[in-house]
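Below: the structure, in structure tokens.
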Amino acid sequence: MANVVVVGTQWGDEGKGKVVDIYAEDADVIARFQGGNNAGHTLVVKGEQTILHLIPSGILHDQKTCIIGNGVVVDPKVLLSEIEALQSRGIFPPNTTLCVSEKAHVIMPYHCRLDMAREASKAGKKIGTTGRGIGPAYEDKVARTGIRMGDLLDKEVFREKLTANVAEKNFLLTKLFGEEPVSEQAIFDEYRAYAEALKPYVADTSTLLDREIHKGKKILFEGAQGAHLDVDHGTYPFVTSSNTVSSNACSGTGVGPGAVDAVVGICKAYTTRVGSGPFLTELTCEIGERIQQEGQEFGATTGRKRRCGWLDMVLVRQSVRVSGITGLAVTKLDVLTGIEKLKICVGYRTEEGIFFSNAVPANPRVLTRCEAVYEEMDGWTEDIRNAREIQDLPKNARKYLEQIEALSDTKLVLVSVGAGRNETIILKNPFLNA
């Protein structure tokens with residue numbers, strides 16, 4: 001038995017979807033444990049692209065159980081559209097089961113309205129939210145006023161909670177933001193229809209997972225975003241509204257920490273960020289533009305251009321620490337092909353000479369005064385997309401990977417050399433070599 005958590009080590013968009021899709025072949029259950037449809041996982045199988053926002057990336061494999069855990073906030077309309085899209089394309093496997101936790105909180109229309117109204121009111125201090133209602137939904141969860149998937153199935157409970165919430169949200173929308181109110185009845189009717197459509201999928205997923213673990217089944221826990229968007233450990237306040245680190249795999253699905261055997265951290269061969277927030281290795285020059293174009297760095301959810309920069313190992317080292325990462329998967333190495341000189345950030349230094357190498361300063365004023373300290377390495381020009389063994393890579397590409405291992409003090413388990421499922425070097429499979 002081996003149970004594996006997959007998390008991002010940067011600001012998301014590291015290629016977790018591809019890695020989860022690869023590992024899902026050896027897993028029995030794939031469980032998503034946090035976030036919402038503000039995240040997007042892009043999969044390329046046999047040249048065909050599939051973008052998922054809520055459904056776990058293992059859905060393309062047959063005879064699996066895919067779980068949306070209690071730590072996820074669910075937009076029912078988005079979930080149903082994803083299910084219908086997979087079915088219409090004939091890629092929802094007939095023997096794969098999809099389950100949604102009855103305890104997962106529901107994103108309501110007023111959450112999206114509040115999300116956008118707040119962001120619009122911040123003028124020059126925008127967070128960079130996707131406007132999907134994720135933050136407000138998590139706020140209601142913590143405030144103990146949220147509506148859960150199980151509540152949608154109970155007409156009376158849903159009406160009672162909805163009435164109280166609409167009264168409060170309409171006050172905020174109209175009095176604070178000068179917006180139009182939402183209609184309680186329209187929401188009730190719309191979401192009751194969603195409830196009927198999703199009823200076959202709603203389950204006690206914590207008990208389901210416990211049963212599968214005791215049977216000796218292999219569980220793959222899938223996170224969204226990256227460690228530095230974690231609400232506690234990220235570059236606050238430019239973060240998401242949930243815990244993206246590996247420990248939330250347990251609380252976000254309802255299993256104990258003893259269930260986790262390995263944690264794989266996904267590290268892009270360079271660094272990207274979407275939206276606002278500090279980015280010390282950002283490249284606003286021709287090289288940054290080249291990486292953006294070659295890497296097709298557009299948000300899978302929003303379509304926004306991702307900011308691109310050199311690999312930042314301070315971010316990665318902190319992620320290794322806070323998530324207990326046991327192996328690194330390096331993605332998009334092929335994007336760096338053809339760049340003559342490569343740089344890796346090994347630390348931050350302030351004007352006063354204070355040096356940070358293992359942790360990102362929590363004080364945003366200190367962080368903005370830091371400069372990245374780099375090591376420079378020679379690049380490579382050879383096409384690496386056909387490499388299937390580490391020895392197939394050019395010498396300088398291997399040196400680049402060796403430096404990532406050395407600076408992170410973590411062994412590599414996978415290297416992605418292209419977007420396709422098969423364009424991958426597997427060094428160690430955590431399910432087979434636990």
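Labeling convention for the structure tokens: chains A, B, ... as they appear, residues from 1 per chain, ligands from 1 in order of appearance.
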
When you look at Gln10 of chain A with a cut-off of 12 Å (counting only C-alpha atoms), what residues show up, excluding the ones that are within fewer than 6 positions of it in the same chain? I need them as an mmCIF file with C-alpha atoms, in the first residue's frame.
```cif
data_model
loop_
_atom_site.group_PDB
_atom_site.id
_atom_site.type_symbol
_atom_site.label_atom_id
_atom_site.label_comp_id
_atom_site.auth_asym_id
_atom_site.auth_seq_id
_atom_site.Cartn_x
_atom_site.Cartn_y
_atom_site.Cartn_z
ATOM 1 C CA LYS A 16 0.189 19.072 -11.257
ATOM 2 C CA ALA A 224 -4.708 22.784 -6.385
ATOM 3 C CA GLN A 225 -2.645 25.994 -6.649
ATOM 4 C CA GLY A 226 0.777 25.975 -4.947
ATOM 5 C CA ALA A 227 2.369 26.258 -1.503
ATOM 6 C CA HIS A 228 3.011 29.989 -1.831
ATOM 7 C CA LEU A 229 -0.688 30.646 -2.372
ATOM 8 C CA ASP A 230 -1.438 28.930 0.959
ATOM 9 C CA HIS A 233 2.260 29.927 4.470
ATOM 10 C CA GLY A 234 2.035 31.874 1.216
ATOM 11 C CA THR A 235 2.902 35.459 0.238
ATOM 12 C CA VAL A 239 -2.842 34.127 -1.610
ATOM 13 C CA THR A 244 -2.637 24.339 -0.242
ATOM 14 C CA VAL A 245 0.119 22.521 1.686
ATOM 15 C CA GLY A 265 6.160 18.400 -4.872
ATOM 16 C CA ILE A 266 5.705 19.695 -8.419
ATOM 17 C CA CYS A 267 8.365 22.233 -9.395
ATOM 18 C CA LYS A 268 8.299 23.988 -12.756
ATOM 19 C CA ALA A 269 11.791 24.403 -14.252
ATOM 20 C CA TYR A 270 11.227 28.158 -14.025
ATOM 21 C CA THR A 271 8.767 30.241 -11.990
ATOM 22 C CA THR A 272 5.403 31.746 -12.926
ATOM 23 C CA ARG A 273 2.765 33.724 -11.134
ATOM 24 C CA VAL A 274 -0.757 34.851 -12.088
ATOM 25 C CA PHE A 279 7.858 38.037 -7.635
ATOM 26 C CA CYS A 308 7.437 34.400 -15.883
ATOM 27 C CA GLY A 309 10.863 34.374 -14.246
ATOM 28 C CA TRP A 310 13.899 32.344 -13.267
ATOM 29 C CA LEU A 311 13.568 29.335 -10.975
ATOM 30 C CA ASP A 312 13.376 30.508 -7.350
ATOM 31 C CA MET A 313 14.776 27.899 -4.984
ATOM 32 C CA VAL A 314 13.867 29.907 -1.872
ATOM 33 C CA LEU A 315 10.238 29.206 -2.748
ATOM 34 C CA VAL A 316 10.980 25.533 -3.347
ATOM 35 C CA ARG A 317 13.004 25.034 -0.156
ATOM 36 C CA GLN A 318 10.225 26.546 1.948
ATOM 37 C CA SER A 319 7.694 24.293 0.218
ATOM 38 C CA VAL A 320 9.813 21.222 0.915
ATOM 39 C CA SER A 323 4.777 20.198 3.059
ATOM 40 C CA VAL A 330 10.324 18.918 -12.360
ATOM 41 C CA THR A 331 8.049 20.012 -15.192
ATOM 42 C CA VAL A 360 10.395 33.758 2.216
#
```

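For the choices A:Val415, A:Leu336, A:Val142, A:Ile55, the atom-to-atom distance to Asp378 of chain A is smallest for A:Leu336 when using only C-alpha atoms.
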
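Shortest atom-to-atom contact with Arg113 of chain A among A:Ser101, A:Thr65, A:Thr174, A:Asn243: A:Thr174, counting only C-alpha atoms.
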
Near segment 78-84 of chain A, counting only C-alpha atoms, which residues have an atom at most 12 Å away, once you skip same-chain residues fewer than 5 positions from it, shown as a ChimeraX atom specification?
-> /A:36-38,40,50-57,59-60,68,72-73,89-93,97-100,106-108,132,191,193-201,301

>> Could you go through segment 81-244 of chain A and tell me which residues DSSP, when run on the backbone, assigns to alpha helix (DSSP H), listing them as a ChimeraX atom specification?
In response: /A:81-88,109-121,134-142,149-152,155-171,184-198,205-214

Spatial neighbours of Gly150 of chain A, max dist 8 Å, only C-alpha atoms, sep filter under 6 positions, as a PDB file with N, CA and C atoms, in the first residue's frame:
```pdb
ATOM      1  N   GLU A 102     -20.485  15.214   0.935  1.00  0.00           N
ATOM      2  CA  GLU A 102     -21.695  15.874   1.417  1.00  0.00           C
ATOM      3  C   GLU A 102     -21.344  17.087   2.295  1.00  0.00           C
ATOM      4  N   LYS A 103     -20.081  17.148   2.743  1.00  0.00           N
ATOM      5  CA  LYS A 103     -19.644  18.255   3.595  1.00  0.00           C
ATOM      6  C   LYS A 103     -18.935  19.362   2.824  1.00  0.00           C
ATOM      7  N   VAL A 202     -23.325  12.707  -4.566  1.00  0.00           N
ATOM      8  CA  VAL A 202     -23.063  13.176  -3.199  1.00  0.00           C
ATOM      9  C   VAL A 202     -22.964  11.985  -2.249  1.00  0.00           C
TER      10      VAL A 202
END
```

Rows by chain and residue number, segment 101-179 of chain A within 10 Å of segment 24-35 of chain A, shortest pair, only C-alpha atoms, as a tab-separated table:
```
residue	atom	partner	partner_atom	distance
A:Ala104	CA	A:Gln34	CA	9.6
A:Ile134	CA	A:Gly35	CA	7.5
A:Gly135	CA	A:Gly35	CA	9.6
A:Tyr138	CA	A:Gly35	CA	9.3
```

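Residue nearest Lys77 of chain A, chosen from A:Glu190, A:Glu14, A:Glu375, A:Asp115 and counting only C-alpha atoms: A:Glu190.
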